[in-house]
2 protein chains.
Amino acid sequence: MATIKDVARLAGVSTATVSATINNTAYVSPELRSRVERAIDTLNYAPDRIARSLKRGRTNLIGLIVADITNPFFTALVQTVERRLESAGYTVLLTDTDQHPERDLLYLELMKAHRVDGVILAPSVSTQGAEIARRATMPLVLVDRPVPGLEADFVTLDNPMAAGLAVGAIIEAGHRRIGAIAGPRALINAEARIEGYRACLSEAGLPIDPALVVHCDFREEEARQAAHSLLDADPAPTALFVANNLMLLGVMRALADRGLDCPRDISVVSIDDFPWADAFNPRPTVIRQPIAAIAENAADLLLARVTGARDAPPTTRYHSPELIRRDSLGPPPAR
Amino acid sequence: MATIKDVARLAGVSTATVSATINNTAYVSPELRSRVERAIDTLNYAPDRIARSLKRGRTNLIGLIVADITNPFFTALVQTVERRLESAGYTVLLTDTDQHPERDLLYLELMKAHRVDGVILAPSVSTQGAEIARRATMPLVLVDRPVPGLEADFVTLDNPMAAGLAVGAIIEAGHRRIGAIAGPRALINAEARIEGYRACLSEAGLPIDPALVVHCDFREEEARQAAHSLLDADPAPTALFVANNLMLLGVMRALADRGLDCPRDISVVSIDDFPWADAFNPRPTVIRQPIAAIAENAADLLLARVTGARDAPPTTRYHSPELIRRDSLGPPPAR
DNA sequence: ATCGTATAGCTAAACGTTACGACAGAGGGT
DNA sequence: ACCCTCTGTCGTAACGTTTAGCTATACGAT
């Protein structure tokens, strides 16, 4: 592999001049510049970013730690973040914690060792704020889920609003008994969504029945069980609010288990849209997160920190969701 | 940030000894070893991988270039590759070409500049073999799609077999007139799948009607148009073989456009399974690629090259698909 | 002519590691 | 007592850049 010395020798100049022409960091006469450029071309030379990083003290690498790359939400996030960072001259170092809380810390250490210039973290669990803070010596922005006790920029969906939008639409369709499949209690997001559900209910003057809320992990099978237990309630809910896309699958399966037709027998609205929802049966009515906006916001915030352009105390940015009306929400069945 | 010098000073030894204890590269007496370890602990020291990389000439970074991270096939690939490489001590540098052919080269250059130890490339287009070869100075393994003129390890689905499995099942169900929505001609994969389709047809003694094969991009909308043109044939096919998951969506939409019921009026079998297929209507009968096996194979192959364990000439590994029977394949309609 | 000043380009010192060879001391064989 | 070998530790060059500071040249003002 050609080094800057080879280029310098071939062009008959010093390495300093080569560096100056590459980085536009000092005036170089047209004569020398063109000689250098020719040499670079013929040698197919590209500066060694490792050496450059060592000298400069920054790597142009950004760590991206997501909780589950398999979830289309994170996939879209990764895509947008990557595109945005790439256009700013940064490359993404990706890891996937697969929802294992301890990997947040592990990968943060990894990122630190690789001397990334900053990290975008979609935490897999909302604890360990202090631990994360201790390890995050580089700029850090949180996305999707907050971490209590961690002072950092944070970009997220307006979760209460999302729940309100969903439950509001359900109420508007005429439902009075609305069950909720909530996420795990440990997830602040999940709690915020359930808070939004309760707030919307009481605002409409509807009673809040604890029996109509069941918590479970963001997983298909658990949501299926949860839906069954909810459907066993007496009287059974006529509509279900589901807090996440994976859980929606479980819920739909539970309905199928019981031969219930959605939306004729029961309505369902969930948070998180996904590609191909149109091919589902029924096509689900959902709350769509503005993933691109969230991702761009997070990337820009981090970039501003990394370049030093931003030095303000950390803030939180909430993004507004959107209701996508499809077929899974209808009026309650006449009895 | 603490450097190795700080550790050495605090432990009262030389940097060489610190390096030796960290890397187990020479005998260090228990006495010194424990002093060094204590110093590392109190300073919260982690070796600078940039400096280490510069010295060692390797970065423990592996580039992963995929054609479309939004496609669940690539998502699963990324996840498995990342997990595999991580357990071997490597970190993934991810980029997404989003099917732009010129980005293959661009990102290859980027990876080269970052001095990755190797690259796994899922090419977005099957041309430019020579260009890629010229740029790929590091070990490279190709996955999913071949690149003619590029000598490299290659891991892929057995595409003719996949098509054979699909078309075989269709024939077995009693169909005689089977349309095919093929991928773009430029993609060798797509061609291989269509080859498999033809081979299977002639093996069964069925005529090959060129009017029943239509090529289009791996996109939903194009596939929808293609399906329409196929359904206009006279006599119309009673079953459709679809070469890719995205195209399946378009095909299903075309059926919906015409009020056709699948599988009662027409059967469909496609290549590529995806999560949540169970929530579709109808649940699609598909050919499932062994993504995990492909990803692991690719990662292991690359690792073997990177560590120098493997020095054999490049080979191609074909992985066998599996037929997943669901609801979109039935007998042809009685006329 | 002389001097001062601006400036193009060069030399060399970092950046934080690793690893090669040197070195000092211990121990054993003669 | 001497030498040789072995071994644990150390000094330091090198990896490929960037950049601070220096040199030499040119040119304008005096």
# chains A, B, ... in the order shown; residues from 1 in each chain; ligands from 1
>>> interface_residues(of="chain B", to="chain A", cutoff="8 Å", atoms="only C-alpha atoms", output="ChimeraX atom specification")
/B:46-51,53-54,69-70,72,75-76,79,82,91-96,113-115,249,252-253,276,279-281
>>> interface_residues(of="chain B", to="chain D", cutoff="8 Å", atoms="only C-alpha atoms (C1' of nucleotides)", output="ChimeraX atom specification")
/B:14,16-17,27-29,54-57
>>> write_last_selection(atoms="N, CA and C atoms", output="PDB file, in the first residue's frame")
ATOM      1  N   SER B  14       8.192  -0.328  32.751  1.00  0.00           N
ATOM      2  CA  SER B  14       8.294   0.283  31.426  1.00  0.00           C
ATOM      3  C   SER B  14       7.020   0.031  30.632  1.00  0.00           C
ATOM      4  N   ALA B  16       6.910  -1.251  27.851  1.00  0.00           N
ATOM      5  CA  ALA B  16       7.045  -2.574  27.245  1.00  0.00           C
ATOM      6  C   ALA B  16       6.416  -3.627  28.141  1.00  0.00           C
ATOM      7  N   THR B  17       6.636  -3.490  29.435  1.00  0.00           N
ATOM      8  CA  THR B  17       6.074  -4.465  30.364  1.00  0.00           C
ATOM      9  C   THR B  17       4.549  -4.365  30.416  1.00  0.00           C
ATOM     10  N   TYR B  27       6.667 -13.263  29.118  1.00  0.00           N
ATOM     11  CA  TYR B  27       6.465 -13.588  30.519  1.00  0.00           C
ATOM     12  C   TYR B  27       6.647 -12.340  31.367  1.00  0.00           C
ATOM     13  N   VAL B  28       5.722 -12.136  32.291  1.00  0.00           N
ATOM     14  CA  VAL B  28       5.836 -11.039  33.244  1.00  0.00           C
ATOM     15  C   VAL B  28       5.649 -11.629  34.639  1.00  0.00           C
ATOM     16  N   SER B  29       6.531 -11.286  35.544  1.00  0.00           N
ATOM     17  CA  SER B  29       6.450 -11.864  36.894  1.00  0.00           C
ATOM     18  C   SER B  29       5.131 -11.476  37.559  1.00  0.00           C
ATOM     19  N   LEU B  54      -2.360   1.077  14.081  1.00  0.00           N
ATOM     20  CA  LEU B  54      -1.293   1.651  13.264  1.00  0.00           C
ATOM     21  C   LEU B  54      -0.032   0.803  13.369  1.00  0.00           C
ATOM     22  N   LYS B  55       0.258   0.418  14.596  1.00  0.00           N
ATOM     23  CA  LYS B  55       1.471  -0.370  14.792  1.00  0.00           C
ATOM     24  C   LYS B  55       1.340  -1.770  14.220  1.00  0.00           C
ATOM     25  N   ARG B  56       0.213  -2.403  14.540  1.00  0.00           N
ATOM     26  CA  ARG B  56       0.071  -3.804  14.172  1.00  0.00           C
ATOM     27  C   ARG B  56      -0.236  -4.007  12.702  1.00  0.00           C
ATOM     28  N   GLY B  57      -0.801  -2.973  12.081  1.00  0.00           N
ATOM     29  CA  GLY B  57      -1.159  -3.132  10.685  1.00  0.00           C
ATOM     30  C   GLY B  57      -2.491  -3.810  10.491  1.00  0.00           C
TER      31      GLY B  57
END
>>> interface_residues(of="chain C", to="chain B", cutoff="12 Å", atoms="only C-alpha atoms (C1' of nucleotides)", output="ChimeraX atom specification")
/C:15-20
>>> write_last_selection(atoms="N, CA and C atoms (P, O5', C5', C4', C3', O3' and C1' of nucleotides)", output="compact mmCIF listing (two decimals), in the first residue's frame")
# COMPACT_ATOMS: atom_id res chain seq x y z
P DC C 15 2.78 13.63 22.11
O5' DC C 15 1.48 12.90 21.56
C5' DC C 15 0.55 13.53 20.70
C4' DC C 15 -0.15 12.47 19.90
C3' DC C 15 -0.17 11.11 20.58
O3' DC C 15 -1.38 11.00 21.33
C1' DC C 15 0.32 10.94 18.23
P DG C 16 -1.30 10.48 22.87
O5' DG C 16 -1.22 8.90 22.67
C5' DG C 16 -2.35 8.23 22.17
C4' DG C 16 -1.99 6.78 21.97
C3' DG C 16 -1.47 6.09 23.22
O3' DG C 16 -2.11 4.83 23.30
C1' DG C 16 0.07 5.84 21.46
P DT C 17 -1.97 3.83 24.51
O5' DT C 17 -1.92 2.46 23.70
C5' DT C 17 -0.70 1.80 23.56
C4' DT C 17 -0.58 1.27 22.17
C3' DT C 17 0.20 -0.02 22.13
O3' DT C 17 -0.71 -1.09 21.87
C1' DT C 17 1.13 1.62 20.62
P DT C 18 -0.22 -2.55 22.34
O5' DT C 18 0.94 -2.88 21.30
C5' DT C 18 0.60 -3.10 19.95
C4' DT C 18 1.83 -3.45 19.16
C3' DT C 18 2.53 -4.73 19.60
O3' DT C 18 2.90 -5.40 18.40
C1' DT C 18 4.06 -2.94 19.66
P DA C 19 3.23 -6.96 18.40
O5' DA C 19 4.83 -6.93 18.27
C5' DA C 19 5.41 -6.23 17.18
C4' DA C 19 6.90 -6.19 17.37
C3' DA C 19 7.49 -7.47 17.96
O3' DA C 19 8.78 -7.62 17.41
C1' DA C 19 8.01 -5.71 19.36
P DC C 20 9.33 -9.05 17.04
O5' DC C 20 10.73 -8.66 16.41
C5' DC C 20 10.89 -7.39 15.78
C4' DC C 20 12.19 -6.74 16.24
C3' DC C 20 13.27 -7.74 16.62
O3' DC C 20 14.49 -7.34 16.03
C1' DC C 20 12.90 -6.22 18.39
>>> select_by_dssp(residues="region 68-284 of chain B", states="helix (DSSP H, G or I)", output="compact mmCIF listing (two decimals) with C-alpha atoms, in the first residue's frame")
# COMPACT_ATOMS: atom_id res chain seq x y z
CA PRO B 72 -35.37 -8.27 5.99
CA PHE B 73 -33.03 -10.60 4.18
CA PHE B 74 -30.15 -8.20 4.61
CA THR B 75 -31.22 -7.24 8.09
CA ALA B 76 -30.99 -10.83 9.21
CA LEU B 77 -27.70 -11.17 7.38
CA VAL B 78 -26.28 -8.14 9.13
CA GLN B 79 -27.41 -9.37 12.51
CA THR B 80 -25.84 -12.78 12.16
CA VAL B 81 -22.64 -11.51 10.61
CA GLU B 82 -22.25 -8.92 13.32
CA ARG B 83 -22.79 -11.41 16.09
CA ARG B 84 -20.34 -13.84 14.57
CA LEU B 85 -17.63 -11.30 13.99
CA GLU B 86 -18.09 -9.74 17.39
CA SER B 87 -17.47 -13.04 19.11
CA PRO B 101 -24.17 0.41 -8.16
CA GLU B 102 -21.61 3.19 -7.93
CA ARG B 103 -21.71 3.07 -4.16
CA ASP B 104 -20.23 -0.41 -4.15
CA LEU B 105 -17.00 1.10 -5.34
CA LEU B 106 -17.30 4.20 -3.23
CA TYR B 107 -17.77 2.25 -0.02
CA LEU B 108 -15.05 -0.17 -0.96
CA GLU B 109 -12.71 2.80 -1.13
CA LEU B 110 -14.02 3.98 2.20
CA MET B 111 -13.37 0.60 3.76
CA LYS B 112 -9.91 0.57 2.30
CA ALA B 113 -9.16 3.97 3.76
CA GLY B 129 -15.94 -7.06 -11.33
CA ALA B 130 -12.62 -5.73 -12.55
CA GLU B 131 -13.09 -2.40 -10.82
CA ILE B 132 -13.96 -4.08 -7.56
CA ALA B 133 -11.03 -6.43 -7.81
CA ARG B 134 -8.68 -3.53 -8.36
CA ARG B 135 -9.89 -1.80 -5.25
CA ASN B 159 -30.84 -20.26 -6.78
CA PRO B 160 -31.72 -22.86 -9.41
CA MET B 161 -32.65 -25.24 -6.62
CA ALA B 162 -34.79 -22.57 -4.99
CA ALA B 163 -36.66 -21.97 -8.19
CA GLY B 164 -36.96 -25.70 -8.75
CA LEU B 165 -38.44 -26.18 -5.30
CA ALA B 166 -41.00 -23.47 -5.90
CA VAL B 167 -41.96 -24.45 -9.40
CA GLY B 168 -41.89 -28.13 -8.49
CA ALA B 169 -44.42 -27.54 -5.75
CA ILE B 170 -46.59 -25.55 -8.12
CA ILE B 171 -46.54 -28.30 -10.72
CA GLU B 172 -47.23 -30.89 -8.11
CA ILE B 188 -27.22 -13.03 -12.16
CA ASN B 189 -29.29 -14.29 -9.26
CA ALA B 190 -32.46 -13.37 -11.01
CA GLU B 191 -31.30 -15.12 -14.15
CA ALA B 192 -30.38 -18.22 -12.18
CA ARG B 193 -33.83 -18.31 -10.68
CA ILE B 194 -35.45 -18.07 -14.06
CA GLU B 195 -33.13 -20.76 -15.36
CA GLY B 196 -34.33 -22.98 -12.53
CA TYR B 197 -37.90 -22.21 -13.47
CA ARG B 198 -37.33 -23.21 -17.07
CA ALA B 199 -35.41 -26.33 -16.17
CA CYS B 200 -38.14 -27.46 -13.84
CA LEU B 201 -40.78 -26.86 -16.47
CA SER B 202 -39.06 -28.82 -19.18
CA GLU B 203 -38.22 -31.61 -16.78
CA PRO B 210 -41.74 -16.79 -23.24
CA ALA B 211 -44.92 -14.79 -22.86
CA LEU B 212 -45.20 -16.16 -19.35
CA GLU B 220 -43.13 -3.54 -5.45
CA GLU B 221 -44.69 -1.23 -7.99
CA GLU B 222 -42.90 -2.68 -10.98
CA ALA B 223 -43.87 -6.17 -9.93
CA ARG B 224 -47.48 -5.07 -9.72
CA GLN B 225 -47.38 -3.87 -13.33
CA ALA B 226 -45.59 -7.03 -14.36
CA ALA B 227 -48.22 -9.19 -12.70
CA HIS B 228 -50.94 -7.32 -14.52
CA SER B 229 -49.30 -7.86 -17.88
CA LEU B 230 -48.93 -11.56 -17.06
CA LEU B 231 -52.56 -11.86 -16.06
CA ASN B 245 -40.07 -10.88 -1.44
CA LEU B 246 -40.58 -7.24 -2.39
CA MET B 247 -42.05 -8.29 -5.70
CA LEU B 248 -44.45 -10.59 -3.91
CA LEU B 249 -46.11 -7.56 -2.37
CA GLY B 250 -46.65 -6.02 -5.77
CA VAL B 251 -48.05 -9.25 -7.11
CA MET B 252 -50.48 -9.59 -4.23
CA ARG B 253 -51.61 -6.07 -4.82
CA ALA B 254 -52.20 -6.79 -8.48
CA LEU B 255 -54.38 -9.73 -7.52
CA ALA B 256 -56.31 -7.46 -5.18
CA ASP B 257 -56.67 -4.91 -7.99
CA ALA B 277 -45.48 -13.55 6.89
CA ASP B 278 -47.97 -15.29 9.10
CA ALA B 279 -49.97 -12.09 9.43
>>> atom_distance(atom1="CA of Val143 (chain B)", atom2="CA of Pro123 (chain B)")
7.6 Å
>>> select_by_dssp(residues="region 103-151 of chain B", states="strand (DSSP E)", output="VMD selection string")
chain B and resid 118 to 121 140 to 143
>>> closest_residue(among="A:Asp232, A:Leu206, A:Leu32, A:Asn24", to="DG9 (chain C)", atoms="only C-alpha atoms (C1' of nucleotides)")
A:Leu32
>>> atom_distance(atom1="CA of His215 (chain B)", atom2="CA of Leu323 (chain B)")
23.2 Å
>>> atom_distance(atom1="CA of Ala236 (chain A)", atom2="CA of Ser267 (chain A)")
12.1 Å
>>> residues_around(residues="Gly308 (chain B)", least_positions_apart="3", cutoff="12 Å", atoms="only C-alpha atoms (C1' of nucleotides)", output="list in words")
Asp117, Gly118, Met138, Pro139, Leu301, Leu302, Leu303, Ala304, Arg305, Asp311 and Ala312 of chain B
